[in-house]
file run_31.pdb (PDB, C-alpha atoms)
ATOM      1  CA  MET A 566      84.256  41.245  -3.735
ATOM      2  CA  ASN A 567      82.664  37.788  -3.721
ATOM      3  CA  PRO A 568      82.401  36.094  -0.321
ATOM      4  CA  ILE A 569      85.054  33.453   0.381
ATOM      5  CA  LEU A 570      83.758  29.904  -0.010
ATOM      6  CA  ARG A 571      85.884  27.151   1.468
ATOM      7  CA  ASN A 572      85.130  23.911  -0.394
ATOM      8  CA  PRO A 573      85.240  20.559   1.424
ATOM      9  CA  ALA A 574      88.673  18.945   1.555
ATOM     10  CA  VAL A 575      87.794  15.466   2.823
ATOM     11  CA  ALA A 576      84.251  14.723   1.592
ATOM     12  CA  GLY A 577      84.274  11.266   0.075
ATOM     13  CA  ARG A 578      87.166  10.211   2.327
ATOM     14  CA  PHE A 579      86.406  11.023   5.960
ATOM     15  CA  TYR A 580      82.648  11.131   5.403
ATOM     16  CA  PRO A 581      80.275  10.520   2.448
ATOM     17  CA  ALA A 582      80.240  13.021  -0.404
ATOM     18  CA  ASP A 583      76.615  12.195  -1.233
ATOM     19  CA  ALA A 584      74.203  14.347   0.766
ATOM     20  CA  ASN A 585      71.578  11.646   1.297
ATOM     21  CA  THR A 586      74.143   9.086   2.427
ATOM     22  CA  LEU A 587      75.806  11.634   4.700
ATOM     23  CA  THR A 588      72.499  12.598   6.318
ATOM     24  CA  ARG A 589      71.617   8.955   6.904
ATOM     25  CA  ASP A 590      75.022   8.273   8.432
ATOM     26  CA  VAL A 591      74.934  11.323  10.704
ATOM     27  CA  TYR A 592      71.513  10.313  12.057
ATOM     28  CA  SER A 593      72.774   6.782  12.665
ATOM     29  CA  TYR A 594      75.639   8.170  14.769
ATOM     30  CA  LEU A 595      73.275  10.450  16.672
ATOM     31  CA  SER A 596      71.066   7.454  17.557
ATOM     32  CA  PRO A 597      73.519   4.631  18.306
ATOM     33  CA  ASN A 598      72.400   1.082  18.906
ATOM     34  CA  LYS A 599      72.300   0.730  22.682
ATOM     35  CA  GLU A 600      73.260  -2.937  22.385
ATOM     36  CA  GLU A 601      76.617  -2.100  20.806
ATOM     37  CA  LEU A 602      79.285  -2.267  23.519
ATOM     38  CA  THR A 603      83.018  -1.743  23.329
ATOM     39  CA  GLN A 604      85.782  -3.076  25.505
ATOM     40  CA  ASP A 605      85.322   0.094  27.520
ATOM     41  CA  ASP A 606      81.568  -0.210  28.024
ATOM     42  CA  SER A 607      81.885   0.996  31.643
ATOM     43  CA  SER A 608      82.692   4.505  30.390
ATOM     44  CA  ARG A 609      80.947   4.333  27.031
ATOM     45  CA  GLU A 610      77.753   6.075  28.105
ATOM     46  CA  ARG A 611      78.544   7.326  31.555
ATOM     47  CA  PHE A 612      76.604  10.487  30.812
ATOM     48  CA  SER A 613      73.218   9.479  29.375
ATOM     49  CA  ALA A 614      71.062  12.580  29.910
ATOM     50  CA  LYS A 615      69.904  14.473  26.832
ATOM     51  CA  SER A 616      69.789  18.173  25.968
ATOM     52  CA  ILE A 617      72.598  19.200  28.271
ATOM     53  CA  PRO A 618      73.738  22.836  28.143
ATOM     54  CA  ALA A 619      77.514  22.992  28.023
ATOM     55  CA  LEU A 620      80.280  25.574  27.737
ATOM     56  CA  GLY A 621      82.572  23.359  25.689
ATOM     57  CA  CYS A 622      83.239  19.860  24.456
ATOM     58  CA  ILE A 623      85.859  17.576  22.945
ATOM     59  CA  VAL A 624      84.883  15.666  19.797
ATOM     60  CA  PRO A 625      87.034  13.372  17.625
ATOM     61  CA  HIS A 626      87.744  14.033  13.961
ATOM     62  CA  ALA A 627      88.674  10.734  12.318
ATOM     63  CA  GLY A 628      86.776   9.117   9.485
ATOM     64  CA  TYR A 629      83.146   8.720  10.506
ATOM     65  CA  VAL A 630      83.285   4.927  10.286
ATOM     66  CA  TYR A 631      85.777   4.960  13.170
ATOM     67  CA  SER A 632      84.892   7.979  15.319
ATOM     68  CA  GLY A 633      81.366   8.879  14.205
ATOM     69  CA  ARG A 634      79.655   7.119  17.099
ATOM     70  CA  VAL A 635      81.748   8.976  19.659
ATOM     71  CA  ALA A 636      81.135  12.332  17.969
ATOM     72  CA  GLY A 637      77.443  11.570  17.580
ATOM     73  CA  ALA A 638      77.085  10.681  21.255
ATOM     74  CA  VAL A 639      78.452  14.098  22.228
ATOM     75  CA  PHE A 640      76.307  16.105  19.835
ATOM     76  CA  ALA A 641      73.189  14.071  20.671
ATOM     77  CA  ALA A 642      73.625  14.797  24.380
ATOM     78  CA  LEU A 643      73.995  18.557  23.969
ATOM     79  CA  ASP A 644      71.492  21.367  23.983
ATOM     80  CA  LEU A 645      73.172  22.994  20.998
ATOM     81  CA  PRO A 646      73.200  26.776  20.557
ATOM     82  CA  LYS A 647      73.188  28.434  17.139
ATOM     83  CA  HIS A 648      76.787  29.601  17.289
ATOM     84  CA  PHE A 649      80.020  27.639  17.584
ATOM     85  CA  LEU A 650      83.731  28.274  17.922
ATOM     86  CA  ILE A 651      85.702  25.271  16.688
ATOM     87  CA  LEU A 652      89.357  24.793  17.609
ATOM     88  CA  GLY A 653      91.339  22.235  15.660
ATOM     89  CA  PRO A 654      94.964  21.173  15.298
ATOM     90  CA  ASN A 655      96.982  22.055  12.229
ATOM     91  CA  HIS A 656      97.837  18.623  10.788
ATOM     92  CA  THR A 657      99.192  19.987   7.503
ATOM     93  CA  GLY A 658     101.741  22.482   8.849
ATOM     94  CA  MET A 659     100.441  25.034   6.360
ATOM     95  CA  GLY A 660      99.774  28.655   7.240
ATOM     96  CA  GLN A 661     100.000  30.596  10.485
ATOM     97  CA  PRO A 662     100.264  28.956  13.938
ATOM     98  CA  LEU A 663      97.048  30.653  15.127
ATOM     99  CA  ALA A 664      94.906  30.896  12.009
ATOM    100  CA  ILE A 665      91.343  32.153  11.771
ATOM    101  CA  MET A 666      89.018  32.787   8.843
ATOM    102  CA  CYS A 667      87.151  36.073   9.021
ATOM    103  CA  GLN A 668      84.344  35.885   6.488
ATOM    104  CA  GLY A 669      82.514  33.749   3.972
ATOM    105  CA  ALA A 670      81.290  30.199   4.441
ATOM    106  CA  TRP A 671      82.385  26.578   4.439
ATOM    107  CA  LYS A 672      80.692  24.123   2.127
ATOM    108  CA  THR A 673      79.840  20.486   2.847
ATOM    109  CA  PRO A 674      77.574  18.099   0.919
ATOM    110  CA  LEU A 675      74.753  19.362   3.180
ATOM    111  CA  GLY A 676      75.149  23.001   2.097
ATOM    112  CA  THR A 677      77.049  25.998   3.428
ATOM    113  CA  LEU A 678      77.748  27.093   6.970
ATOM    114  CA  LYS A 679      78.564  30.770   7.422
ATOM    115  CA  ILE A 680      81.417  32.219   9.439
ATOM    116  CA  ASN A 681      80.371  34.436  12.347
ATOM    117  CA  SER A 682      82.246  37.540  11.213
ATOM    118  CA  PRO A 683      81.286  39.802  14.153
ATOM    119  CA  LEU A 684      82.622  37.232  16.615
ATOM    120  CA  VAL A 685      85.821  36.898  14.566
ATOM    121  CA  ALA A 686      86.270  40.668  14.546
ATOM    122  CA  ALA A 687      85.903  40.825  18.327
ATOM    123  CA  LEU A 688      88.509  38.070  18.763
ATOM    124  CA  LEU A 689      91.005  39.709  16.397
ATOM    125  CA  LYS A 690      90.629  43.016  18.212
ATOM    126  CA  ARG A 691      91.370  41.418  21.571
ATOM    127  CA  PHE A 692      94.050  38.883  20.566
ATOM    128  CA  PRO A 693      96.457  40.119  17.875
ATOM    129  CA  LEU A 694      98.360  36.814  17.709
ATOM    130  CA  LEU A 695      95.371  35.423  15.841
ATOM    131  CA  VAL A 696      95.957  35.884  12.108
ATOM    132  CA  GLU A 697      93.487  35.798   9.255
ATOM    133  CA  ASP A 698      94.763  32.907   7.122
ATOM    134  CA  ALA A 699      92.626  30.745   4.850
ATOM    135  CA  GLU A 700      95.632  28.682   3.740
ATOM    136  CA  ALA A 701      95.932  26.958   7.126
ATOM    137  CA  HIS A 702      92.335  25.766   6.754
ATOM    138  CA  ARG A 703      92.307  24.796   3.091
ATOM    139  CA  ALA A 704      93.318  21.118   3.415
ATOM    140  CA  GLU A 705      92.696  20.639   7.151
ATOM    141  CA  HIS A 706      90.053  18.088   8.176
ATOM    142  CA  ALA A 707      89.707  18.489  11.952
ATOM    143  CA  ILE A 708      87.149  21.302  11.820
ATOM    144  CA  GLU A 709      85.446  20.255   8.596
ATOM    145  CA  VAL A 710      84.291  16.864   9.881
ATOM    146  CA  GLN A 711      82.313  18.505  12.710
ATOM    147  CA  LEU A 712      80.183  20.598  10.377
ATOM    148  CA  PRO A 713      77.731  17.977   9.033
ATOM    149  CA  PHE A 714      76.690  17.180  12.612
ATOM    150  CA  LEU A 715      76.072  20.872  13.320
ATOM    151  CA  GLN A 716      74.231  21.393  10.025
ATOM    152  CA  THR A 717      71.983  18.419  10.767
ATOM    153  CA  LEU A 718      71.125  19.478  14.311
ATOM    154  CA  GLN A 719      71.196  23.276  13.958
ATOM    155  CA  PRO A 720      70.475  24.388  10.392
ATOM    156  CA  ASP A 721      71.455  28.008   9.685
ATOM    157  CA  CYS A 722      73.998  28.050  12.504
ATOM    158  CA  SER A 723      77.264  30.006  12.320
ATOM    159  CA  PHE A 724      80.778  29.230  13.468
ATOM    160  CA  VAL A 725      84.335  30.494  13.901
ATOM    161  CA  PRO A 726      87.199  28.229  12.745
ATOM    162  CA  ILE A 727      90.607  28.434  14.440
ATOM    163  CA  THR A 728      93.546  26.108  13.773
ATOM    164  CA  ILE A 729      96.189  25.761  16.481
ATOM    165  CA  GLY A 730      99.784  25.107  15.469
ATOM    166  CA  THR A 731     101.685  26.243  18.559
ATOM    167  CA  SER A 732     102.467  24.439  21.822
ATOM    168  CA  GLN A 733     103.288  27.542  23.884
ATOM    169  CA  LEU A 734     101.170  27.027  26.972
ATOM    170  CA  ASP A 735     101.157  30.690  27.974
ATOM    171  CA  VAL A 736      99.904  31.688  24.526
ATOM    172  CA  LEU A 737      97.267  28.935  24.525
ATOM    173  CA  THR A 738      96.065  29.939  27.987
ATOM    174  CA  ALA A 739      95.879  33.613  27.011
ATOM    175  CA  LEU A 740      93.947  32.739  23.865
ATOM    176  CA  GLY A 741      91.504  30.626  25.867
ATOM    177  CA  GLU A 742      90.926  33.365  28.411
ATOM    178  CA  THR A 743      90.402  35.925  25.652
ATOM    179  CA  ILE A 744      87.919  33.612  23.951
ATOM    180  CA  ALA A 745      86.071  33.333  27.267
ATOM    181  CA  GLU A 746      85.801  37.100  27.623
ATOM    182  CA  VAL A 747      84.635  37.617  24.039
ATOM    183  CA  VAL A 748      82.189  34.706  24.036
ATOM    184  CA  SER A 749      80.724  35.771  27.390
ATOM    185  CA  ALA A 750      79.980  39.201  25.916
ATOM    186  CA  GLN A 751      78.010  37.782  22.981
ATOM    187  CA  PRO A 752      74.245  38.269  22.904
ATOM    188  CA  GLU A 753      73.665  34.535  22.309
ATOM    189  CA  PRO A 754      75.446  31.428  23.622
ATOM    190  CA  VAL A 755      78.500  30.080  21.788
ATOM    191  CA  LEU A 756      79.665  26.480  22.245
ATOM    192  CA  ILE A 757      83.457  26.015  22.202
ATOM    193  CA  ILE A 758      84.410  22.771  20.459
ATOM    194  CA  ALA A 759      87.887  21.249  20.640
ATOM    195  CA  SER A 760      88.454  18.788  17.798
ATOM    196  CA  SER A 761      90.857  16.041  18.832
ATOM    197  CA  ASP A 762      91.637  12.367  18.518
ATOM    198  CA  MET A 763      93.534  10.676  21.331
ATOM    199  CA  ASN A 764      96.585   8.381  21.236
ATOM    200  CA  HIS A 765      97.720   7.109  17.823
ATOM    201  CA  TYR A 766      99.092   3.849  16.440
ATOM    202  CA  GLU A 767      99.950   1.815  19.521
ATOM    203  CA  ASN A 768      98.158  -1.326  20.626
ATOM    204  CA  ASP A 769      94.689  -1.160  22.121
ATOM    205  CA  ALA A 770      95.679  -1.777  25.738
ATOM    206  CA  ILE A 771      98.445   0.835  25.728
ATOM    207  CA  THR A 772      96.231   3.356  23.954
ATOM    208  CA  ARG A 773      93.389   2.932  26.447
ATOM    209  CA  ALA A 774      95.759   3.306  29.397
ATOM    210  CA  LYS A 775      97.409   6.410  27.959
ATOM    211  CA  ASP A 776      94.110   7.960  26.914
ATOM    212  CA  HIS A 777      92.531   7.509  30.320
ATOM    213  CA  SER A 778      95.532   9.208  31.919
ATOM    214  CA  ALA A 779      94.832  12.237  29.719
ATOM    215  CA  ILE A 780      91.072  11.988  30.216
ATOM    216  CA  LYS A 781      91.585  12.017  33.995
ATOM    217  CA  GLN A 782      93.270  15.423  33.713
ATOM    218  CA  ILE A 783      90.565  16.754  31.400
ATOM    219  CA  LEU A 784      87.801  15.645  33.766
ATOM    220  CA  ALA A 785      89.650  17.494  36.534
ATOM    221  CA  LEU A 786      89.789  20.596  34.282
ATOM    222  CA  ASN A 787      93.546  20.567  34.839
ATOM    223  CA  THR A 788      95.247  22.300  31.916
ATOM    224  CA  HIS A 789      98.779  22.041  33.245
ATOM    225  CA  GLY A 790      98.155  18.464  34.323
ATOM    226  CA  LEU A 791      96.986  17.565  30.823
ATOM    227  CA  ALA A 792      99.997  19.199  29.173
ATOM    228  CA  ASP A 793     102.381  17.473  31.594
ATOM    229  CA  THR A 794     100.691  14.069  31.257
ATOM    230  CA  VAL A 795     100.680  14.156  27.455
ATOM    231  CA  LYS A 796     104.386  15.037  27.445
ATOM    232  CA  LYS A 797     105.485  12.649  30.194
ATOM    233  CA  GLU A 798     103.548   9.633  28.924
ATOM    234  CA  GLN A 799     104.190  10.438  25.241
ATOM    235  CA  ILE A 800     100.502  10.491  24.344
ATOM    236  CA  SER A 801     100.074  11.373  20.679
ATOM    237  CA  MET A 802      96.854  13.340  21.231
ATOM    238  CA  CYS A 803      96.789  15.461  18.087
ATOM    239  CA  GLY A 804      94.354  18.037  19.454
ATOM    240  CA  VAL A 805      95.901  18.556  22.854
ATOM    241  CA  TRP A 806      96.620  22.242  22.129
ATOM    242  CA  PRO A 807      93.044  23.042  20.989
ATOM    243  CA  THR A 808      91.839  21.130  24.061
ATOM    244  CA  LEU A 809      94.014  23.266  26.342
ATOM    245  CA  VAL A 810      92.585  26.431  24.779
ATOM    246  CA  MET A 811      89.039  25.153  25.243
ATOM    247  CA  LEU A 812      89.721  24.199  28.871
ATOM    248  CA  ALA A 813      91.281  27.587  29.629
ATOM    249  CA  ALA A 814      88.258  29.304  28.093
ATOM    250  CA  THR A 815      85.598  27.255  29.849
ATOM    251  CA  LYS A 816      87.338  27.456  33.217
ATOM    252  CA  LYS A 817      87.359  31.252  32.984
ATOM    253  CA  MET A 818      83.669  31.078  32.032
ATOM    254  CA  GLY A 819      82.961  29.241  35.284
ATOM    255  CA  ALA A 820      83.143  25.570  34.296
ATOM    256  CA  ARG A 821      82.750  23.286  37.309
ATOM    257  CA  ALA A 822      82.563  19.783  35.877
ATOM    258  CA  ALA A 823      83.397  17.585  32.907
ATOM    259  CA  GLN A 824      81.734  14.356  31.814
ATOM    260  CA  LEU A 825      83.038  11.554  29.624
ATOM    261  CA  VAL A 826      80.217  10.722  27.227
ATOM    262  CA  ARG A 827      81.830   7.922  25.274
ATOM    263  CA  TYR A 828      85.233   6.401  24.611
ATOM    264  CA  ALA A 829      86.303   3.994  21.863
ATOM    265  CA  THR A 830      89.248   3.015  19.728
ATOM    266  CA  SER A 831      89.455   2.270  16.028
ATOM    267  CA  GLY A 832      89.915  -1.368  16.997
ATOM    268  CA  ASP A 833      86.277  -1.493  18.062
ATOM    269  CA  VAL A 834      85.382  -1.103  14.386
ATOM    270  CA  SER A 835      88.302  -2.682  12.530
ATOM    271  CA  GLY A 836      88.934  -5.548  14.919
ATOM    272  CA  ASP A 837      92.656  -4.776  14.722
ATOM    273  CA  ARG A 838      93.884  -4.273  18.286
ATOM    274  CA  HIS A 839      97.562  -4.015  17.377
ATOM    275  CA  ARG A 840      97.592  -0.465  15.985
ATOM    276  CA  VAL A 841      94.699   1.763  16.973
ATOM    277  CA  VAL A 842      93.629   5.375  17.482
ATOM    278  CA  GLY A 843      91.650   6.447  20.543
ATOM    279  CA  TYR A 844      88.552   8.666  20.552
ATOM    280  CA  ALA A 845      86.996  10.473  23.531
ATOM    281  CA  GLY A 846      83.824  12.540  23.668
ATOM    282  CA  ILE A 847      83.710  14.894  26.652
ATOM    283  CA  LEU A 848      81.382  17.697  27.798
ATOM    284  CA  ILE A 849      82.487  20.677  29.899
ATOM    285  CA  GLN A 850      79.825  22.379  32.036
TER
END

call {"tool": "encode", "arguments": {"input": "run_31.pdb", "output": "structure tokens"}}
result
Amino acid sequence: MNPILRNPAVAGRFYPADANTLTRDVYSYLSPNKEELTQDDSSRERFSAKSIPALGCIVPHAGYVYSGRVAGAVFAALDLPKHFLILGPNHTGMGQPLAIMCQGAWKTPLGTLKINSPLVAALLKRFPLLVEDAEAHRAEHAIEVQLPFLQTLQPDCSFVPITIGTSQLDVLTALGETIAEVVSAQPEPVLIIASSDMNHYENDAITRAKDHSAIKQILALNTHGLADTVKKEQISMCGVWPTLVMLAATKKMGARAAQLVRYATSGDVSGDRHRVVGYAGILIQ
């Protein structure tokens, strides 16, 4: 049987379909102009050290023109391993609520990135609610947009893709703790990436206030606090469930601190402050 190849779903829309243009853009986001400041410049580069080992991170997944600088700031700060587990929301509603792909590779304009099948097998053995389901991933962008950054910085790396389509906190916590146990048993480090944008389609001031309420809980590594804050303040953080899984995993792995690398909204690029999306880049150590 031929290996499964997942073709890109959003190349040419969320990021360039031309390999040379994509490479140039990725490098530009990894080396941002230090003179560019946003309305939130106090938190924009709060964590400036390079080559930081981390257990997990939160990275946005919008079109690169809007969120690329936030994503690039996170990846540029990290001492990246060769293996990744990427948790993303299920925007499409297709497929299983906890969907994983077991084998094959994902293609981007920069080439293919193989799935870490042994790590997938270990996860499936330990957590039967995870279901092999390529359909949930076929048109989903949240994981795909992270891959060109990883391919640029760590060629020949491998990854595990998981889409999250359930809000059951007990299930999410159990999944995170299982991920921690499996990842900790691996012979090489695995970085756990939660793919998430922040609040959607309110004005810039409201979005920043809501987002920083959620960020406060993340920096405190408070999973229940994050879930409660997002619900109480009606924060449309699309990747809150992947973020909760990542936090549960990294806390069990011994995480002691989180750092906000950069924050921005789409208004920083578009100039439209009336209807924006927020983006936060955060490291968990």

call {"tool": "resolve_selection", "arguments": {"input": "run_31.pdb", "expression": "the PyMOL selection byres ((chain A and resi 704) around 10)", "output": "mmCIF file with C-alpha atoms, in the coordinates of the input"}}
result
data_model
loop_
_atom_site.group_PDB
_atom_site.id
_atom_site.type_symbol
_atom_site.label_atom_id
_atom_site.label_comp_id
_atom_site.auth_asym_id
_atom_site.auth_seq_id
_atom_site.Cartn_x
_atom_site.Cartn_y
_atom_site.Cartn_z
ATOM 1 C CA ARG A 571 85.884 27.151 1.468
ATOM 2 C CA ASN A 572 85.130 23.911 -0.394
ATOM 3 C CA PRO A 573 85.240 20.559 1.424
ATOM 4 C CA ALA A 574 88.673 18.945 1.555
ATOM 5 C CA VAL A 575 87.794 15.466 2.823
ATOM 6 C CA ASN A 655 96.982 22.055 12.229
ATOM 7 C CA HIS A 656 97.837 18.623 10.788
ATOM 8 C CA THR A 657 99.192 19.987 7.503
ATOM 9 C CA MET A 659 100.441 25.034 6.360
ATOM 10 C CA ALA A 699 92.626 30.745 4.850
ATOM 11 C CA GLU A 700 95.632 28.682 3.740
ATOM 12 C CA ALA A 701 95.932 26.958 7.126
ATOM 13 C CA HIS A 702 92.335 25.766 6.754
ATOM 14 C CA ARG A 703 92.307 24.796 3.091
ATOM 15 C CA GLU A 705 92.696 20.639 7.151
ATOM 16 C CA HIS A 706 90.053 18.088 8.176
ATOM 17 C CA ALA A 707 89.707 18.489 11.952
ATOM 18 C CA GLU A 709 85.446 20.255 8.596
#

call {"tool": "residues_around", "arguments": {"input": "run_31.pdb", "residues": "Thr830 of chain A", "least_positions_apart": "2", "cutoff": "6 Å", "atoms": "all atoms listed in the file", "output": "list of chain:residue names"}}
result
A:Gly832, A:Asp833, A:Val842, A:Gly843, A:Tyr844

call {"tool": "resolve_selection", "arguments": {"input": "run_31.pdb", "expression": "the PyMOL selection byres ((chain A and resi 734) around 10)", "output": "PDB file with C-alpha atoms, keeping the file's coordinate frame"}}
result
ATOM      1  CA  THR A 731     101.685  26.243  18.559  1.00  0.00           C
ATOM      2  CA  SER A 732     102.467  24.439  21.822  1.00  0.00           C
ATOM      3  CA  GLN A 733     103.288  27.542  23.884  1.00  0.00           C
ATOM      4  CA  ASP A 735     101.157  30.690  27.974  1.00  0.00           C
ATOM      5  CA  VAL A 736      99.904  31.688  24.526  1.00  0.00           C
ATOM      6  CA  LEU A 737      97.267  28.935  24.525  1.00  0.00           C
ATOM      7  CA  THR A 738      96.065  29.939  27.987  1.00  0.00           C
ATOM      8  CA  ALA A 739      95.879  33.613  27.011  1.00  0.00           C
ATOM      9  CA  LEU A 740      93.947  32.739  23.865  1.00  0.00           C
ATOM     10  CA  THR A 788      95.247  22.300  31.916  1.00  0.00           C
ATOM     11  CA  HIS A 789      98.779  22.041  33.245  1.00  0.00           C
ATOM     12  CA  ALA A 792      99.997  19.199  29.173  1.00  0.00           C
ATOM     13  CA  TRP A 806      96.620  22.242  22.129  1.00  0.00           C
ATOM     14  CA  LEU A 809      94.014  23.266  26.342  1.00  0.00           C
ATOM     15  CA  VAL A 810      92.585  26.431  24.779  1.00  0.00           C
TER      16      VAL A 810
END

call {"tool": "atom_distance", "arguments": {"input": "run_31.pdb", "atom1": "atom CA of Leu643 of chain A", "atom2": "atom CA of Leu570 of chain A"}}
result
28.3 Å

call {"tool": "resolve_selection", "arguments": {"input": "run_31.pdb", "expression": "the PyMOL selection byres ((chain A and resi 805) around 12)", "output": "NGL selection string"}}
result
:A and (623-625 or 652-655 or 729-734 or 737 or 759-764 or 776 or 779-780 or 782-783 or 788-796 or 799-804 or 806-812)

call {"tool": "atom_distance", "arguments": {"input": "run_31.pdb", "atom1": "atom CA of Pro752 of chain A", "atom2": "atom CA of Pro646 of chain A"}}
result
11.8 Å

call {"tool": "closest_residue", "arguments": {"input": "run_31.pdb", "among": "A:Ala582, A:Leu712, A:Ile849, A:Ala823", "to": "Trp671 of chain A", "atoms": "all atoms listed in the file"}}
result
A:Leu712

call {"tool": "residues_around", "arguments": {"input": "run_31.pdb", "residues": "Gln751 of chain A", "least_positions_apart": "6", "cutoff": "12 Å", "atoms": "all atoms listed in the file", "output": "ChimeraX atom specification"}}
result
/A:648-649,681,683-685,687-688,744-745

call {"tool": "decode", "arguments": {"input": "run_31.pdb", "residues": "segment 570-587 of chain A", "atoms": "N, CA and C atoms", "output": "mmCIF file, in the first residue's frame"}}
result
data_model
loop_
_atom_site.group_PDB
_atom_site.id
_atom_site.type_symbol
_atom_site.label_atom_id
_atom_site.label_comp_id
_atom_site.auth_asym_id
_atom_site.auth_seq_id
_atom_site.Cartn_x
_atom_site.Cartn_y
_atom_site.Cartn_z
ATOM 1 N N LEU A 570 -0.330 10.530 1.556
ATOM 2 C CA LEU A 570 0.233 11.864 1.392
ATOM 3 C C LEU A 570 -0.896 12.874 1.511
ATOM 4 N N ARG A 571 -0.824 13.711 2.503
ATOM 5 C CA ARG A 571 -1.817 14.758 2.699
ATOM 6 C C ARG A 571 -1.326 16.014 1.979
ATOM 7 N N ASN A 572 -2.035 16.425 0.941
ATOM 8 C CA ASN A 572 -1.656 17.596 0.160
ATOM 9 C C ASN A 572 -2.069 18.875 0.879
ATOM 10 N N PRO A 573 -1.377 19.979 0.630
ATOM 11 C CA PRO A 573 -1.717 21.233 1.311
ATOM 12 C C PRO A 573 -3.124 21.699 0.969
ATOM 13 N N ALA A 574 -3.825 22.205 1.970
ATOM 14 C CA ALA A 574 -5.192 22.687 1.772
ATOM 15 C C ALA A 574 -5.266 24.196 1.621
ATOM 16 N N VAL A 575 -4.271 24.921 2.178
ATOM 17 C CA VAL A 575 -4.386 26.383 2.185
ATOM 18 C C VAL A 575 -3.169 27.096 1.602
ATOM 19 N N ALA A 576 -2.287 26.369 0.908
ATOM 20 C CA ALA A 576 -1.179 27.026 0.204
ATOM 21 C C ALA A 576 -1.759 27.940 -0.872
ATOM 22 N N GLY A 577 -1.216 29.132 -0.955
ATOM 23 C CA GLY A 577 -1.739 30.111 -1.899
ATOM 24 C C GLY A 577 -2.818 30.984 -1.306
ATOM 25 N N ARG A 578 -3.273 30.644 -0.082
ATOM 26 C CA ARG A 578 -4.272 31.460 0.613
ATOM 27 C C ARG A 578 -3.738 31.947 1.957
ATOM 28 N N PHE A 579 -3.364 31.025 2.830
ATOM 29 C CA PHE A 579 -2.834 31.416 4.130
ATOM 30 C C PHE A 579 -1.338 31.719 4.064
ATOM 31 N N TYR A 580 -0.665 31.149 3.104
ATOM 32 C CA TYR A 580 0.768 31.367 2.916
ATOM 33 C C TYR A 580 1.091 31.125 1.447
ATOM 34 N N PRO A 581 2.242 31.603 0.940
ATOM 35 C CA PRO A 581 2.538 31.488 -0.487
ATOM 36 C C PRO A 581 2.651 30.047 -0.965
ATOM 37 N N ALA A 582 2.173 29.803 -2.171
ATOM 38 C CA ALA A 582 2.278 28.476 -2.780
ATOM 39 C C ALA A 582 3.611 28.281 -3.489
ATOM 40 N N ASP A 583 4.307 29.357 -3.771
ATOM 41 C CA ASP A 583 5.628 29.283 -4.405
ATOM 42 C C ASP A 583 6.698 29.066 -3.345
ATOM 43 N N ALA A 584 7.541 28.059 -3.541
ATOM 44 C CA ALA A 584 8.513 27.677 -2.521
ATOM 45 C C ALA A 584 9.498 28.794 -2.212
ATOM 46 N N ASN A 585 9.990 29.475 -3.227
ATOM 47 C CA ASN A 585 10.967 30.543 -2.997
ATOM 48 C C ASN A 585 10.345 31.708 -2.227
ATOM 49 N N THR A 586 9.135 32.078 -2.614
ATOM 50 C CA THR A 586 8.441 33.160 -1.909
ATOM 51 C C THR A 586 8.139 32.764 -0.468
ATOM 52 N N LEU A 587 7.712 31.522 -0.276
ATOM 53 C CA LEU A 587 7.404 31.039 1.067
ATOM 54 C C LEU A 587 8.650 31.049 1.945
#
